[in-house]
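Enquirer: This is the structure, below, for whatever I ask next.
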Amino acid sequence: MTFEAYRASGAKPRQFGREQIETLQRHAIGQIETASAEQADVGFLAGEHLFDLDFSLGKNVLADALHCAIRIDTNQIPAAVRKAWLQMELTGLGADNPSGHPTKAQRREAKDAVEARCTEEIRSGKYRRMRQIPVLWDAKKAMVYVGGSGSAVTESASDLFGRAFDLELERLSAGKRALEWAADAKQRKALEEVAPCAFDRAEPQADISWWNHESGNFDFLGNEFLLWLWWRWETQSDTVKLDDGSEVTGMLARTITLQCPRDESGKETITAEGPTHLPEATQAIRSGKLPRKAGLILARYGEQYELVLQAETFTISGAKIRTEDNSEGRAMLEERIDSVRSLNETVDLLFRTFCARRAGKNWSADLEKMRRWLKTDKTTTRSR
């Protein structure tokens with residue numbers, strides 16, 4: 001599965017019931033007209049398929065979670081098609097002109113004709129594109145898990161939940177998670193002093209092209225988190241003790257995407273059983289590239305998770321959720337919900353452990369060790 005986690009603030013039902021089902025029905029896809037034909041149409045689905053509007057307590061409420069879907073319908077004519085239609089109109093209108101070219105008035109006429117044709121084609125539904133995105137609203141944790149990523153999905157989900165449930169969604173990116181950690185740990189001042197690290201001593205300061213340098217944006221910590229995990233798991237121990245007293249054992253696996261933060265040497269994705277053990281991966285981080293996405297295998301409380309984590313947004317993709325072989329029906333669905341909760345909690349606790357280290361007094365020692373590690377042969381034996 002693929003999902004992004006959002007913090008939900010506003011309405012906080014203790015238990016989902018008929019009220020929420022009726023709200024889903026009122027804001028189902030097709031119930032509210034859009035302002036223009038080309039504006040995206042967004043609404044709820046009952047979840048089973050693109051046209052499922054059969055909402056019910058039995059289907060959509062699972063213990064203390066509400067499961068449904070969002071459908072996003074777009075009606076946009078491709079730019080290449082618009083261009084072709086315009087060229088056809090211009091050719092026809094200018095054919096009888098002495099110059100062989102259309103006049104200014106004919107160009108306006110051609111544009112008007114293309115706009116009229118676009119409106120007609122959109123109304124016909126020929127260019128309608130429908131997308132179904134699963135959603136899980138977890139009242140227990142005040143979380144909403146959205147099974148998609150990207151700005152369009154974020155905007156659509158936030159707007160729909162705001163209109164329907166008076167709920168405000170905030171994506172739990174790396175920076176937002178760091179801010180939540182700082183608030184809980186009363187370390188906001190320490191976090192505000194954190195700036196991107198220069199892992200190469202030769203660099204006077206870190207320059208990250210995909211970071212917008214805005215105050216309060218700590219999304220760059222996601223990149224440093226993945227590099228820190230790489231270093232820690234390779235040189236110390238594959239087990240990390242978490243704040244709640246539990247332990248997580250992990251490794252980088254399957255894939256890793258690395259990019260030059262200065263946009264000088266490009267971006268590369270390495271796919272292998274153990275991608276960080278390949279010489280090209282070593283060469284990439286030695287040249288200053290940072291991880292932007294990585295495959296992880298994590299084990300906690302006897303449950304194992306395989307996933308791919310995007311560093312800045314903390315989007316989880318390709319996650320494998322395991323249920324008991326003998327579970328079925330609602331029991332299986334409730335187990336999957338618990339697994340999603342546990343997976344997000346495990347990733348979050350691991351990141352919080354990094355944040356405590358990153359904003360703490362021991363970070364300078366870790367940074368110095370990481371710099372030496374980046375300069376040495378990666379085949380050295382792990383030492384605890």
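We label chains A, B, ... in the order they appear in the structure tokens, count residues from 1 in each chain, and number ligands from 1 in the order shown.
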I'd like the contact shell of Arg358 in chain A - 12 Å cut-off, only C-alpha atoms, skipping same-chain residues fewer than 2 positions apart - returned as a PyMOL selection string.

Expert: chain A and resi 178+181-182+187+190-197+218+221-222+224-225+228+351-356+360-367

Enquirer: With C-alpha atoms retained, could you export that selection as a PDB file, in the first residue's frame?

Expert:
```
ATOM      1  CA  ALA A 178      10.101  17.312  13.794  1.00  0.00           C
ATOM      2  CA  TRP A 181       8.579  16.084  18.449  1.00  0.00           C
ATOM      3  CA  ALA A 182       9.964  19.449  19.586  1.00  0.00           C
ATOM      4  CA  GLN A 187      12.810  21.347  22.516  1.00  0.00           C
ATOM      5  CA  ALA A 190      16.882  23.611  20.094  1.00  0.00           C
ATOM      6  CA  LEU A 191      15.115  22.647  16.880  1.00  0.00           C
ATOM      7  CA  GLU A 192      15.018  26.254  15.652  1.00  0.00           C
ATOM      8  CA  GLU A 193      18.801  26.334  15.856  1.00  0.00           C
ATOM      9  CA  VAL A 194      19.122  23.320  13.542  1.00  0.00           C
ATOM     10  CA  ALA A 195      20.323  24.047   9.998  1.00  0.00           C
ATOM     11  CA  PRO A 196      21.253  21.668   7.156  1.00  0.00           C
ATOM     12  CA  CYS A 197      24.523  19.857   7.843  1.00  0.00           C
ATOM     13  CA  PHE A 218      12.657  21.352   8.611  1.00  0.00           C
ATOM     14  CA  LEU A 221      15.850  16.527   8.244  1.00  0.00           C
ATOM     15  CA  GLY A 222      14.247  13.684   6.298  1.00  0.00           C
ATOM     16  CA  GLU A 224      19.674  13.587   7.007  1.00  0.00           C
ATOM     17  CA  PHE A 225      17.564  10.966   8.798  1.00  0.00           C
ATOM     18  CA  TRP A 228      21.995   8.802   9.642  1.00  0.00           C
ATOM     19  CA  PHE A 351      12.455   9.620  13.348  1.00  0.00           C
ATOM     20  CA  ARG A 352      11.866  11.125  16.804  1.00  0.00           C
ATOM     21  CA  THR A 353      14.919   9.239  18.073  1.00  0.00           C
ATOM     22  CA  PHE A 354      16.917  10.868  15.289  1.00  0.00           C
ATOM     23  CA  CYS A 355      15.450  14.324  16.074  1.00  0.00           C
ATOM     24  CA  ALA A 356      16.470  14.003  19.733  1.00  0.00           C
ATOM     25  CA  GLY A 360      20.982  17.350  21.154  1.00  0.00           C
ATOM     26  CA  LYS A 361      24.466  18.003  22.466  1.00  0.00           C
ATOM     27  CA  ASN A 362      25.849  14.733  21.060  1.00  0.00           C
ATOM     28  CA  TRP A 363      25.147  15.597  17.416  1.00  0.00           C
ATOM     29  CA  SER A 364      28.578  17.175  16.845  1.00  0.00           C
ATOM     30  CA  ALA A 365      30.203  13.856  17.794  1.00  0.00           C
ATOM     31  CA  ASP A 366      27.865  11.926  15.473  1.00  0.00           C
ATOM     32  CA  LEU A 367      28.544  14.384  12.664  1.00  0.00           C
TER      33      LEU A 367
END
```

Enquirer: Residues near Phe3 in chain A, anyone? I mean within 9 Å using only C-alpha atoms, not counting same-chain ones fewer than 5 positions away, as a PDB file with C-alpha atoms, in the first residue's frame.

Expert:
```
ATOM      1  CA  PRO A 134      -8.542   5.171  -0.444  1.00  0.00           C
ATOM      2  CA  VAL A 135      -8.834   7.038   2.858  1.00  0.00           C
ATOM      3  CA  TYR A 145      -4.240   8.230   6.043  1.00  0.00           C
ATOM      4  CA  VAL A 146      -4.615   9.098   2.366  1.00  0.00           C
ATOM      5  CA  GLY A 147      -3.640   6.441  -0.172  1.00  0.00           C
ATOM      6  CA  GLY A 148      -2.008   8.807  -2.637  1.00  0.00           C
ATOM      7  CA  SER A 149       0.584  11.540  -2.863  1.00  0.00           C
ATOM      8  CA  THR A 315       5.232   9.327   1.947  1.00  0.00           C
ATOM      9  CA  ILE A 316       5.205   5.560   2.479  1.00  0.00           C
ATOM     10  CA  SER A 317       4.904   3.476  -0.685  1.00  0.00           C
ATOM     11  CA  ALA A 319       4.420  -1.087   2.075  1.00  0.00           C
TER      12      ALA A 319
END
```

Enquirer: Tell me which protein, DNA and RNA residues are within 10 Å of Glu306 in chain A, counting only C-alpha atoms, leaving out same-chain ones fewer than 2 positions away, and put them as a ChimeraX atom specification.

Expert: /A:250-254,295-299,304,308-309,316-322,343

Enquirer: Tell me which of A:Glu328, A:Asp263, A:Asp41, A:Asp166 sits closest to Ser9 in chain A, counting only C-alpha atoms.

Expert: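 Between A:Glu328, A:Asp263, A:Asp41, A:Asp166, the residue approaching Ser9 in chain A most closely is A:Asp166.
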
Enquirer: Given the choices A:Trp211, A:Leu62, A:Lys293, A:Leu278, which gets closest to Arg262 in chain A if the distance is worked out from only C-alpha atoms?

Expert: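 Ranking A:Trp211, A:Leu62, A:Lys293, A:Leu278 by distance to Arg262 in chain A, first place goes to A:Trp211.
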
Enquirer: Between A:Leu86, A:Ala157, A:Ala8, A:Leu136, which is the closest to Gly47 in chain A once you count only C-alpha atoms?

Expert: A:Leu136

Enquirer: List as an MDAnalysis selection string the protein and nucleic acid residues near Gln39 in chain A, meaning an atom at most 9 Å away when only C-alpha atoms are counted, but skip any in the same chain fewer than 6 places from it.

Expert: chainID A and resid 73:76

Enquirer: Give the answer as one residue: which of A:Glu234, A:Glu89, A:Glu345, A:Asp207 has the shortest atom-to-atom distance to His277 in chain A, using only C-alpha atoms?

Expert: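 Among the listed residues, A:Glu234 lies closest to His277 in chain A.
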
Enquirer: To one decimal place, how far is CA of Gln259 in chain A from CA of Lys289 in chain A in Å?

Expert: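 Taking CA of Gln259 in chain A as the start and CA of Lys289 in chain A as the end point, the length is 4.9 Å.
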
Enquirer: So which one's closest to Pro78 in chain A, A:Cys118, A:Leu226, A:Ala284, A:Ala164? Using only C-alpha atoms, please.

Expert: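 Ranked by minimum distance to Pro78 in chain A, first place goes to A:Cys118.
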
Enquirer: Looking only at alpha helix (DSSP H) from DSSP on the backbone, list the matching residues of range 91-286 of chain A as a count of residues only.

Expert: 80

Enquirer: As a PyMOL selection string, please: every residue in range 35-279 of chain A that a backbone DSSP assignment puts in strand (DSSP E or B).

Expert: chain A and resi 41-45+61-62+65-75+128-138+143-146+167-171+239-241+247-259+267-272

Enquirer: Taking only C-alpha atoms into account, name the residue in A:Ile285, A:Ile133, A:Ala116, A:Ala40 that is nearest to Gly150 in chain A.

Expert: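 The closest residue to Gly150 in chain A is A:Ile133.
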